[in-house]
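Heads up, the thing below is written out as structure tokens.
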Amino acid sequence: MSEEEKNESEETKDEEKDSDEPEDKLSVTHHSVIINGEEIRYTATTGTLILKEEVNKEGEKPKAAVFFIAYTRDDVEDPDTRPITFSFNGGPGSSSVWLHLGVLGPRRVKPDEDGELPHPPYQLTDNECSILDKTDLVFIDPVSTGFSRAVPGEEAKQFHGFKKDIESVGDFILLYLGRYQRWGSPKFLIGESYGTTRAGGLAGYLQERRGAYLNGIMLVSVVLNFQTIRFAPGNDLPYILFLPTYAATAFYHKRLGEIDTEFEPFMDEVRAFSTGDYTTALMKGSAISSTERADIVKKLASYTGLTPEYIERTDLRINIARFCKELLRDEARTVGRFDSRYKGIDRDSAGENYEYDPSGAVTQGAYTANLNNYVRGELGFESDLPYEILSRRVHPWDYSGHQNQYVNVADTLRKAMTVNPALKVFVANGYYDLATPFLASEYTFTHLGLDPSLQDNITMAYYKAGHMMYTDQAELEKMKKDMDAYFDAVLP
């Protein structure tokens, strides 16, 4: 082979290699929405960006195609003055659909006439409670959720773990900031559920390792310290922290007889008992006196709607699954985990655990159908891949860095707030949330170890709804007002 033929052959191979390399795939569309009486014209950018990894001798190596939907306001002269918020949900294994079509985005799931979640078929409607008037929005689907996938030749499981998930989502944020020239913009994160765990970890990763300082973090239905929600022998903390939500649930379902106080004062009363006499009783263990134990049983029965006999059998420690099954057992009904106002029907009403979460079931269909129609229709993004709303592919999730300990990113957040005193945190809690109870959230933040001078950087908000408080129309409107006030305080 001549030198000329050899060079041509090598060029052909290089072209074939380039043509096989994964590429960004984007769709750009233009829309408008009315928010707070103002017309907001915006551009939607939908698609995948290729996340790459630096390789010493080979340059950059494609790792994953990360799907996102970004909304940017059109009439902005200087992007450096316009905040940008990166949003994700949790799971692990959840796409970003819930915050996207529930509260933040310019389109949302259309409720029925009573403001409740609808029955099929489902529709979207303009979201007058979107925060697009305050900030641009970027919804991120972590790898193996939504349309995000590892590229051919790469193993997806490398992204399915606490550490690598934070790194890959963080690196996507950095990629977006550079690609769309938004490093000068005020930067925010918002996460829900395990997404709050991710947000706490990102506060450290972006700031310490990448030099990206944030203006704010919004946490919806918080779990930063897994000790607060993991029922396990030797860990009495969840029994204490779940009790006020049990009481709220029993109050809602009228299982407490005559209550002569309003809801919030009743919650204050149960809080005080939970963190006072109940905590002391559990700390005593078997050393508790029979008289004291009887008093605790009586009080627990009055707050939970469960019988004293049942509470005795639990050894004063009521597990969430048992509560969901037991509260309405005489009606052959269960209560929801994500939102305990919802009722479910099990085949076996005599069992110990509920068969399904009725509050999860009522949301799944509406969000799934609407997202698939919306992306391929209004947003013009074509893909034959299934959109993974809640992916089981990510399990088992890798917590190998937390062997023999509970996952806890609370101190990571504390350090980020200490190093960057401008960082402000907004926390949204649902009274009927049995997945991440509000007292567990309060406990986490009162035990953050934050300097007193920074305590005012935390704003707590409460809603008479569940884990996804925005599925309730009245609470969605309240949440919009609370987030508007938060942005105005962070960026006056």
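Going by the structure tokens order, chains are called A, B, ..., each with residues numbered from 1, while ligands are numbered from 1 in the order shown.
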
Residues of range 177-410 of chain A in alpha helix (DSSP H) according to DSSP, as number ranges by chain?
A: 177-179, 194-204, 237-252, 263-273, 279-284, 290-304, 308-313, 320-326, 358-376, 410

Find the residues around Tyr246 in chain A up to 9 Å (only C-alpha atoms counted), leave out those fewer than 5 positions away in its own chain, and share them as a list in words.
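Here the answer would be Phe251, Tyr303, Thr304, Gly305, Ile320, Phe323, Cys324, Ser340, Tyr432 and Leu434 of chain A.
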
One decimal, Å: what's the distance from CA of Val335 in chain A over to CA of His100 in chain A, could you say?
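CA of His100 in chain A lies at a distance of 25.9 Å from CA of Val335 in chain A.
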
Go through A:Leu137, A:Met460, A:Ala489, A:Leu51 and flag the residue nearest Arg182 in chain A, using only C-alpha atoms for the distances.
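Nearest to Arg182 in chain A: A:Leu137.
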
Just give me the gap between CA of Tyr180 in chain A and CA of Arg209 in chain A in Å, one decimal is fine.
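CA of Arg209 in chain A lies 21.0 Å from CA of Tyr180 in chain A.
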
Compare A:Met267, A:Leu491, A:Ile140, A:Leu237 by their minimum atom-to-atom distance to Leu423 in chain A, counting only C-alpha atoms, and give me the closest one.
A:Leu491

Who sits within 10 Å of Pro386 in chain A, only C-alpha atoms, same chain under 4 positions skipped, as a list in words
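Final neighbour list, sorted by chain and number: Thr145, Gly146, Phe147 and Asn372 of chain A.
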
Writer output for current selection, C-alpha atoms, as a JSON list (two decimals), in the first residue's frame:
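New file out.json:
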[["chain", "number", "residue", "atom", "x", "y", "z"],
["A", 145, "THR", "CA", -34.26, 7.88, 33.82],
["A", 146, "GLY", "CA", -36.34, 9.75, 31.25],
["A", 147, "PHE", "CA", -34.53, 9.49, 27.90],
["A", 372, "ASN", "CA", -44.94, 11.51, 26.69]]

Can you tell me, as a ChimeraX atom specification, which residues in range 50-242 of chain A count as strand (DSSP E or B) by DSSP?
/A:50-55,59-73,84-88,94,107-109,124-126,136-140,146,149-150,161,187-193,216-222,225,232,235

Limited to C-alpha atoms, could you put the picked residues into a file as a CSV table (one decimal), in the first residue's frame?
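Writing done, so here's result_12.csv:
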chain,number,residue,atom,x,y,z
A,50,ILE,CA,-23.4,14.2,25.5
A,51,LEU,CA,-21.6,14.0,28.8
A,52,LYS,CA,-17.9,13.3,28.4
A,53,GLU,CA,-15.1,12.2,30.6
A,54,GLU,CA,-11.5,13.4,30.2
A,55,VAL,CA,-9.1,10.6,29.4
A,59,GLY,CA,-8.8,13.4,25.0
A,60,GLU,CA,-12.5,13.2,25.9
A,61,LYS,CA,-14.6,10.0,26.0
A,62,PRO,CA,-18.4,10.1,25.7
A,63,LYS,CA,-20.1,8.6,28.7
A,64,ALA,CA,-23.8,9.3,28.6
A,65,ALA,CA,-26.5,11.1,26.7
A,66,VAL,CA,-28.3,13.2,29.3
A,67,PHE,CA,-31.9,14.3,28.6
A,68,PHE,CA,-33.0,17.7,29.7
A,69,ILE,CA,-35.7,20.3,29.1
A,70,ALA,CA,-34.8,24.0,29.5
A,71,TYR,CA,-37.0,27.0,29.5
A,72,THR,CA,-35.4,30.4,29.0
A,73,ARG,CA,-37.2,33.7,29.0
A,84,ILE,CA,-31.2,29.8,36.4
A,85,THR,CA,-32.5,26.9,38.4
A,86,PHE,CA,-31.6,23.2,37.8
A,87,SER,CA,-34.3,20.8,38.8
A,88,PHE,CA,-34.5,17.1,39.5
A,94,SER,CA,-37.1,9.1,39.1
A,107,ARG,CA,-47.2,23.6,31.6
A,108,ARG,CA,-48.7,21.3,34.3
A,109,VAL,CA,-51.1,18.4,34.7
A,124,LEU,CA,-52.0,19.6,30.3
A,125,THR,CA,-52.8,23.2,31.0
A,126,ASP,CA,-50.8,26.4,31.3
A,136,ASP,CA,-35.0,30.1,33.8
A,137,LEU,CA,-35.5,26.4,34.4
A,138,VAL,CA,-33.5,23.3,33.4
A,139,PHE,CA,-35.0,19.9,34.2
A,140,ILE,CA,-32.5,17.1,34.3
A,146,GLY,CA,-36.3,9.8,31.3
A,149,ARG,CA,-28.9,6.6,28.7
A,150,ALA,CA,-25.3,5.5,29.0
A,161,GLY,CA,-24.9,5.2,43.0
A,187,LYS,CA,-27.6,29.8,40.2
A,188,PHE,CA,-30.2,27.7,42.1
A,189,LEU,CA,-30.9,24.0,42.6
A,190,ILE,CA,-34.3,22.4,43.4
A,191,GLY,CA,-34.7,18.8,44.3
A,192,GLU,CA,-37.5,16.7,45.7
A,193,SER,CA,-37.3,13.6,48.0
A,216,GLY,CA,-29.9,29.1,46.6
A,217,ILE,CA,-31.2,25.6,47.1
A,218,MET,CA,-34.8,24.7,47.3
A,219,LEU,CA,-35.6,21.4,49.0
A,220,VAL,CA,-39.0,19.8,48.6
A,221,SER,CA,-39.9,16.9,50.9
A,222,VAL,CA,-36.5,16.6,52.6
A,225,ASN,CA,-30.1,12.3,57.0
A,232,ALA,CA,-34.4,-0.4,62.0
A,235,ASN,CA,-32.8,3.3,65.7

Do a neighbour search on Arg313 in chain A at 12 Å with only C-alpha atoms, toss out local chain neighbours closer than 6 positions, and write the hits as an MDAnalysis selection string.
chainID A and resid 297 306:307 319 322

Write the residues of the preceding selection, restricted to N, CA and C atoms, as an mmCIF file, in the first residue's frame.
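Output (result_26.cif):
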data_model
loop_
_atom_site.group_PDB
_atom_site.id
_atom_site.type_symbol
_atom_site.label_atom_id
_atom_site.label_comp_id
_atom_site.auth_asym_id
_atom_site.auth_seq_id
_atom_site.Cartn_x
_atom_site.Cartn_y
_atom_site.Cartn_z
ATOM 1 N N VAL A 297 -48.648 4.879 76.321
ATOM 2 C CA VAL A 297 -49.571 4.137 75.455
ATOM 3 C C VAL A 297 -50.869 4.919 75.274
ATOM 4 N N LEU A 306 -54.929 4.602 66.860
ATOM 5 C CA LEU A 306 -54.745 3.160 67.019
ATOM 6 C C LEU A 306 -55.144 2.743 68.436
ATOM 7 N N THR A 307 -55.463 1.482 68.627
ATOM 8 C CA THR A 307 -55.900 1.024 69.940
ATOM 9 C C THR A 307 -54.715 0.871 70.885
ATOM 10 N N ASN A 319 -44.311 1.356 63.224
ATOM 11 C CA ASN A 319 -43.679 1.390 61.907
ATOM 12 C C ASN A 319 -44.640 1.991 60.887
ATOM 13 N N ARG A 322 -47.009 -0.458 59.024
ATOM 14 C CA ARG A 322 -48.070 -0.942 59.910
ATOM 15 C C ARG A 322 -49.128 0.130 60.135
#
